[in-house]
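input.txt (compact mmCIF, C-alpha atoms) appears below.
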# COMPACT_ATOMS: atom_id res chain seq x y z
CA MET A 92 208.28 133.56 62.73
CA ASP A 93 209.02 134.11 66.43
CA ARG A 94 205.33 134.78 67.01
CA LEU A 95 204.31 131.43 65.48
CA PRO A 96 203.48 128.59 67.83
CA SER A 97 206.43 126.26 68.48
CA TRP A 98 204.63 123.25 66.99
CA LEU A 99 204.06 125.16 63.75
CA ARG A 100 207.71 126.27 63.59
CA ARG A 101 208.82 122.64 63.92
CA HIS A 102 206.52 121.58 61.08
CA ILE A 103 207.80 124.37 58.83
CA ALA A 104 211.42 123.41 59.57
CA ALA A 105 210.65 119.77 58.76
CA LEU A 106 208.98 120.80 55.49
CA ARG A 107 212.03 122.86 54.51
CA ALA A 108 214.34 119.93 55.23
CA LEU A 109 212.09 117.68 53.18
CA LEU A 110 212.15 120.05 50.19
CA VAL A 111 215.92 120.55 50.35
CA LEU A 112 216.71 116.83 50.66
CA THR A 113 214.22 115.99 47.91
CA ALA A 114 215.91 118.49 45.59
CA VAL A 115 219.42 117.25 46.44
CA THR A 116 218.88 113.48 46.55
CA GLY A 117 215.90 113.22 44.21
CA VAL A 118 216.87 115.70 41.47
CA ILE A 119 220.39 117.09 41.63
CA TYR A 120 222.25 113.86 42.53
CA PRO A 121 220.40 111.61 40.00
CA LEU A 122 220.95 114.17 37.23
CA ALA A 123 224.64 114.48 38.09
CA ALA A 124 225.12 110.70 38.28
CA THR A 125 223.28 110.22 34.98
CA GLY A 126 225.30 112.96 33.31
CA VAL A 127 228.63 111.47 34.43
CA ALA A 128 227.53 107.97 33.37
CA GLN A 129 226.41 109.15 29.94
CA ALA A 130 229.59 111.16 29.42
CA LEU A 131 232.10 108.56 30.59
CA PHE A 132 230.36 105.17 30.35
CA ASP A 133 227.73 105.64 27.66
CA ASP A 134 227.56 101.99 26.52
CA HIS A 135 227.42 100.48 30.01
CA ALA A 136 225.00 103.10 31.34
CA ASN A 137 222.50 102.25 28.61
CA GLY A 138 222.45 98.52 29.31
CA SER A 139 225.37 97.34 27.14
CA ILE A 140 222.90 96.72 24.31
CA ILE A 141 224.22 94.74 21.33
CA GLU A 142 222.83 95.56 17.89
CA GLN A 143 222.88 93.48 14.72
CA ASN A 144 221.91 95.14 11.43
CA GLY A 145 220.55 98.14 13.32
CA LYS A 146 218.34 96.01 15.59
CA ALA A 147 218.84 95.39 19.28
CA VAL A 148 219.38 91.66 19.81
CA GLY A 149 220.30 91.56 23.49
CA SER A 150 222.69 92.77 26.14
CA SER A 151 226.24 91.63 26.72
CA LEU A 152 225.39 91.57 30.44
CA ILE A 153 222.31 89.32 30.30
CA GLY A 154 222.24 85.71 29.17
CA GLN A 155 219.57 84.38 26.85
CA SER A 156 218.48 81.05 25.46
CA PHE A 157 219.22 79.78 21.97
CA THR A 158 216.39 77.31 21.58
CA ASP A 159 213.57 76.75 19.10
CA ALA A 160 209.82 77.04 19.68
CA ASP A 161 209.78 73.60 21.33
CA GLY A 162 212.58 74.53 23.73
CA ASP A 163 215.15 72.35 21.97
CA PRO A 164 218.69 73.71 21.48
CA VAL A 165 219.37 75.28 18.09
CA ARG A 166 222.31 73.18 16.96
CA THR A 167 224.00 75.96 14.98
CA TYR A 168 224.46 78.06 18.11
CA PHE A 169 226.48 77.79 21.29
CA GLN A 170 224.19 77.16 24.25
CA SER A 171 224.12 79.32 27.36
CA ARG A 172 224.44 78.28 30.97
CA PRO A 173 221.18 76.96 32.53
CA SER A 174 218.98 79.59 34.19
CA ALA A 175 216.72 79.11 37.20
CA ALA A 176 215.10 82.43 36.26
CA GLY A 177 214.39 81.56 32.62
CA TYR A 178 216.80 84.36 31.60
CA ASP A 179 214.11 86.84 32.74
CA PRO A 180 215.67 90.03 34.20
CA THR A 181 212.45 90.74 36.13
CA SER A 182 212.66 87.47 38.08
CA THR A 183 216.40 87.11 38.50
CA GLY A 184 217.48 84.62 41.12
CA ALA A 185 218.81 81.18 41.92
CA SER A 186 216.89 77.98 42.63
CA ASN A 187 217.87 78.19 46.33
CA LEU A 188 218.43 74.42 46.32
CA GLY A 189 221.49 73.10 48.12
CA PRO A 190 223.75 70.03 47.82
CA GLU A 191 221.60 68.01 50.23
CA ASP A 192 218.56 68.32 47.94
CA VAL A 193 218.84 64.85 46.38
CA ILE A 194 215.35 63.29 46.57
CA ASP A 195 212.68 64.00 43.94
CA THR A 196 208.98 64.37 44.56
CA LEU A 197 207.59 62.02 41.91
CA PRO A 198 204.49 63.05 39.91
CA HIS A 199 201.37 61.54 41.44
CA GLY A 200 197.79 62.29 40.48
CA SER A 201 197.37 66.07 40.13
CA ASP A 202 200.77 66.68 41.76
CA GLU A 203 203.33 67.40 39.04
CA GLY A 204 206.19 66.55 41.38
CA ARG A 205 209.52 68.32 41.77
CA GLN A 206 213.02 67.46 40.66
CA SER A 207 215.78 67.66 43.25
CA LEU A 208 218.90 69.68 42.51
CA LEU A 209 220.78 66.41 42.00
CA THR A 210 218.31 65.17 39.39
CA GLN A 211 218.35 68.55 37.63
CA VAL A 212 222.13 68.28 37.33
CA CYS A 213 221.92 64.66 36.16
CA ALA A 214 219.23 65.42 33.56
CA ARG A 215 221.13 68.43 32.21
CA SER A 216 224.36 66.44 32.00
CA LYS A 217 222.63 63.64 30.11
CA ALA A 218 221.02 66.13 27.69
CA VAL A 219 224.29 67.99 27.06
CA GLY A 220 226.12 64.71 26.51
CA GLU A 221 223.56 63.62 23.92
CA LEU A 222 223.67 67.01 22.18
CA GLU A 223 227.47 67.10 21.99
CA GLY A 224 228.02 63.40 21.30
CA VAL A 225 229.97 62.71 24.50
CA SER A 226 229.29 60.85 27.72
CA GLY A 227 227.03 62.78 30.05
CA ALA A 228 227.76 60.43 32.95
CA ARG A 229 228.72 61.91 36.30
CA PRO A 230 228.93 60.68 39.91
CA TYR A 231 225.67 60.12 41.80
CA CYS A 232 223.64 60.02 38.55
CA THR A 233 221.83 57.07 36.98
CA SER A 234 222.14 56.28 33.29
CA ASP A 235 218.59 57.55 32.72
CA GLY A 236 219.45 60.99 34.11
CA VAL A 237 218.17 61.12 37.70
CA GLY A 238 219.88 61.16 41.06
CA ALA A 239 221.26 57.78 42.12
CA VAL A 240 219.76 57.80 45.61
CA LEU A 241 218.54 54.89 47.71
CA LYS A 242 216.22 54.80 50.68
CA VAL A 243 217.32 51.78 52.70
CA PHE A 244 214.99 49.81 54.98
CA PRO A 245 215.72 46.65 57.05
CA ASP A 246 214.38 44.33 54.35
CA ARG A 247 214.70 46.26 51.10
CA ALA A 248 216.07 49.37 49.35
CA VAL A 249 214.25 51.76 47.02
CA SER A 250 215.71 53.85 44.18
CA VAL A 251 213.55 56.83 45.15
CA ASN A 252 214.15 58.92 42.03
CA GLN A 253 213.30 56.14 39.55
CA ALA A 254 209.54 55.78 39.29
CA CYS A 255 208.10 52.36 38.50
CA PRO A 256 208.23 50.59 36.11
CA ALA A 257 211.83 51.83 35.72
CA THR A 258 214.62 49.35 36.33
CA PRO A 259 216.69 50.43 39.37
CA PHE A 260 220.25 51.46 38.62
CA VAL A 261 221.48 48.69 40.95
CA ALA A 262 219.75 45.39 41.58
CA GLU A 263 221.05 44.89 45.11
CA TYR A 264 222.49 47.06 47.89
CA GLN A 265 224.14 45.64 51.02
CA GLY A 266 222.28 42.36 50.58
CA ARG A 267 218.91 44.05 50.02
CA ARG A 268 216.89 43.86 46.82
CA VAL A 269 216.47 47.29 45.23
CA GLU A 270 213.00 48.32 44.04
CA CYS A 271 211.79 51.16 41.84
CA ALA A 272 209.85 53.94 43.57
CA ARG A 273 206.04 53.95 43.66
CA PRO A 274 204.69 57.53 43.31
CA GLY A 275 202.73 58.57 46.36
CA GLU A 276 204.44 56.13 48.71
CA ASP A 277 206.14 57.60 51.78
CA TYR A 278 209.81 56.64 52.08
CA ALA A 279 210.72 59.17 54.77
CA THR A 280 211.59 56.53 57.37
CA GLY A 281 214.32 54.98 55.23
CA ARG A 282 217.98 55.93 55.49
CA THR A 283 219.19 58.04 52.57
CA PHE A 284 222.21 56.80 50.62
CA PRO A 285 223.43 58.65 47.50
CA VAL A 286 225.46 56.19 45.43
CA ARG A 287 228.55 57.55 43.71
CA GLY A 288 228.95 54.85 41.08
CA ASP A 289 232.12 54.12 39.13
CA VAL A 290 232.33 57.28 36.98
CA THR A 291 235.94 58.49 36.91
CA THR A 292 235.87 60.93 33.99
CA VAL A 293 233.31 63.76 33.68
CA ARG A 294 233.10 65.25 30.18
CA VAL A 295 230.36 67.81 30.79
CA PRO A 296 231.62 70.91 32.70
CA ALA A 297 229.92 72.11 35.88
CA ASP A 298 228.61 75.34 34.35
CA ALA A 299 226.72 73.32 31.73
CA VAL A 300 224.58 71.69 34.41
CA THR A 301 224.25 74.34 37.15
CA ALA A 302 222.50 77.71 37.00
CA SER A 303 224.25 80.89 38.14
CA GLY A 304 223.21 82.78 41.25
CA SER A 305 221.44 85.46 39.19
CA GLY A 306 220.09 83.20 36.46
CA LEU A 307 221.32 85.81 33.96
CA ASP A 308 224.98 84.89 33.49
CA PRO A 309 225.90 85.76 29.88
CA HIS A 310 229.12 83.72 30.00
CA ILE A 311 230.13 80.09 29.86
CA SER A 312 233.48 78.54 30.69
CA VAL A 313 236.09 78.01 28.02
CA ALA A 314 235.76 74.26 28.62
CA TYR A 315 232.02 74.35 27.88
CA ALA A 316 232.57 76.43 24.75
CA GLU A 317 235.23 74.01 23.50
CA LEU A 318 232.90 71.07 24.17
CA GLN A 319 230.30 72.67 21.88
CA ALA A 320 232.73 73.77 19.18
CA PRO A 321 232.73 70.51 17.12
CA ARG A 322 228.92 70.50 16.91
CA VAL A 323 228.70 74.16 15.87
CA ALA A 324 231.49 73.76 13.33
CA LYS A 325 229.81 70.73 11.78
CA GLU A 326 226.35 72.31 11.65
CA ARG A 327 227.69 75.49 10.04
CA GLY A 328 230.13 73.80 7.68
CA LEU A 329 233.11 75.59 9.22
CA ALA A 330 236.56 74.32 10.08
CA LEU A 331 236.93 73.53 13.77
CA ASP A 332 239.97 75.82 13.95
CA GLN A 333 237.84 78.74 12.73
CA VAL A 334 235.29 78.20 15.48
CA LYS A 335 237.98 77.84 18.13
CA ALA A 336 239.57 81.09 16.91
CA LEU A 337 236.22 82.86 17.45
CA ILE A 338 236.05 81.38 20.95
CA ASP A 339 239.47 82.85 21.69
CA GLU A 340 238.40 86.26 20.35
CA HIS A 341 235.38 86.37 22.66
CA THR A 342 237.08 85.04 25.78
CA THR A 343 237.56 87.53 28.60
CA GLY A 344 240.38 87.09 31.10
CA ARG A 345 240.28 87.09 34.89
CA ALA A 346 239.01 90.30 36.51
CA LEU A 347 241.99 92.46 37.51
CA GLY A 348 244.15 89.63 36.25
CA PHE A 349 243.58 87.26 39.19
CA MET A 350 239.86 87.03 40.13
CA GLY A 351 237.61 84.37 38.64
CA GLU A 352 238.25 82.33 35.51
CA PRO A 353 238.38 83.18 31.79
CA ALA A 354 234.86 83.13 30.29
CA VAL A 355 233.17 83.29 26.90
CA ASN A 356 230.28 85.67 26.13
CA VAL A 357 227.74 83.43 24.39
CA LEU A 358 225.67 86.11 22.63
CA GLU A 359 228.70 87.89 21.22
CA LEU A 360 230.17 84.57 20.06
CA ASN A 361 226.95 83.52 18.31
CA LEU A 362 226.62 86.89 16.60
CA ALA A 363 230.21 86.60 15.39
CA LEU A 364 229.31 83.22 13.89
CA ASP A 365 226.33 84.75 12.08
CA ARG A 366 228.57 87.42 10.56
CA ARG A 367 230.88 84.87 8.94

Representation of the structure as structure tokens:
Amino acid sequence: MDRLPSWLRRHIAALRALLVLTAVTGVIYPLAATGVAQALFDDHANGSIIEQNGKAVGSSLIGQSFTDADGDPVRTYFQSRPSAAGYDPTSTGASNLGPEDVIDTLPHGSDEGRQSLLTQVCARSKAVGELEGVSGARPYCTSDGVGAVLKVFPDRAVSVNQACPATPFVAEYQGRRVECARPGEDYATGRTFPVRGDVTTVRVPADAVTASGSGLDPHISVAYAELQAPRVAKERGLALDQVKALIDEHTTGRALGFMGEPAVNVLELNLALDRR
């Protein structure tokens, strides 16, 4: 080796390091980690798969929808939290829309438009309210399920999320007549005013109208589960107390006893209902 050129010795040393590190980090460590996981955490290491009648039906770690072929909620099941990722583990993520996203892009011509985060929340709240037979009203939302937002000009105001011929949620604002929005018209120069309205009681919980950061949250709040319980009990012909008892059985407490809030695993709860 001493007779080899210095540049060749350096390349051989680098190759040795590459082979050793590849063996340690690419073979030995993954095999050891896999072995420990399989020995100590077999269920979690394999995806926390839930089986029903010998068939895999999902994972306790990944949310899924309980809708029919048309995308409508199946009334006999508890519904999951909304998902910006469509419950797809390969495209997990949030909508990346923030609280200041309150103005829709209305459909116009070939442009399909885009709902603001506020309108998404309003539309979801209205839909949940109709499904559960309660009021879906919430602050800054119109009765037809869009964001209650005005663009105010010196001589008029426009309800920018209500496309004509809709009737604006208010007829007048600060002495100005309120108009519906005309798709394609530019309202950027107007001042933006979200209108809170007179809603004092919100029946639909926040997790029923907002998606999680991952889009794969398998849990809902206890409040959302209890809101759905009367519908599920009625559709399945069960006593409400029976359904609430199942909710309690599938409610997990705070992590380490103090982090987060109690939550209900939707898939496990629905499978428990099917077993009754």

Excluding Ser312 of chain A and any residue of its chain fewer than 6 positions from it, enumerate the residues within 12 Å of it, using all atoms listed in the file, and give them as a PDB file with C-alpha atoms, keeping the file's coordinate frame.
ATOM      1  CA  PHE A 169     226.480  77.790  21.290  1.00  0.00           C
ATOM      2  CA  GLN A 170     224.190  77.160  24.250  1.00  0.00           C
ATOM      3  CA  SER A 171     224.120  79.320  27.360  1.00  0.00           C
ATOM      4  CA  ARG A 172     224.440  78.280  30.970  1.00  0.00           C
ATOM      5  CA  VAL A 295     230.360  67.810  30.790  1.00  0.00           C
ATOM      6  CA  PRO A 296     231.620  70.910  32.700  1.00  0.00           C
ATOM      7  CA  ALA A 297     229.920  72.110  35.880  1.00  0.00           C
ATOM      8  CA  ASP A 298     228.610  75.340  34.350  1.00  0.00           C
ATOM      9  CA  ALA A 299     226.720  73.320  31.730  1.00  0.00           C
ATOM     10  CA  VAL A 300     224.580  71.690  34.410  1.00  0.00           C
ATOM     11  CA  LEU A 318     232.900  71.070  24.170  1.00  0.00           C
ATOM     12  CA  GLN A 319     230.300  72.670  21.880  1.00  0.00           C
ATOM     13  CA  ILE A 338     236.050  81.380  20.950  1.00  0.00           C
ATOM     14  CA  ASP A 339     239.470  82.850  21.690  1.00  0.00           C
ATOM     15  CA  HIS A 341     235.380  86.370  22.660  1.00  0.00           C
ATOM     16  CA  THR A 342     237.080  85.040  25.780  1.00  0.00           C
ATOM     17  CA  THR A 343     237.560  87.530  28.600  1.00  0.00           C
ATOM     18  CA  GLY A 344     240.380  87.090  31.100  1.00  0.00           C
ATOM     19  CA  ARG A 345     240.280  87.090  34.890  1.00  0.00           C
ATOM     20  CA  GLY A 351     237.610  84.370  38.640  1.00  0.00           C
ATOM     21  CA  GLU A 352     238.250  82.330  35.510  1.00  0.00           C
ATOM     22  CA  PRO A 353     238.380  83.180  31.790  1.00  0.00           C
ATOM     23  CA  ALA A 354     234.860  83.130  30.290  1.00  0.00           C
ATOM     24  CA  VAL A 355     233.170  83.290  26.900  1.00  0.00           C
ATOM     25  CA  ASN A 356     230.280  85.670  26.130  1.00  0.00           C
ATOM     26  CA  VAL A 357     227.740  83.430  24.390  1.00  0.00           C
TER      27      VAL A 357
END

### Message
Show me, as an NGL selection string, the residues that have an atom within 12 Å of segment 198-213 of chain A when counting all atoms listed in the file, minus same-chain residues fewer than 6 positions from it.
### Response
:A and (173-175 or 185-192 or 219-220 or 226-240 or 251-255 or 272-276 or 285-287 or 293 or 295-302)

### Task
Kindly give the distance, in Å, that separates atom CA of Phe284 of chain A and atom CA of Gln265 of chain A, rounded to a single decimal.
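These two atoms are separated by 11.3 Å.
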
### Query
Can you tell me how far atom CA of Leu99 of chain A sits from atom CA of Ala114 of chain A, in Å to one decimal?
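That distance, rounded to one decimal, is 22.7 Å.
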
### Task
Within 12 Å of (236.4, 77.3, 15.3) (coordinates as in the file), grab all the protein and nucleic acid residues, counting all atoms listed in the file, and write them out as number ranges by chain.
A: 169, 316-341, 360-361, 363-364, 367

### Query
Quick one, how far is atom CA of Ser250 of chain A from atom CA of Ala214 of chain A?
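Taking atom CA of Ser250 of chain A as the start and atom CA of Ala214 of chain A as the end point, the length is 16.1 Å.
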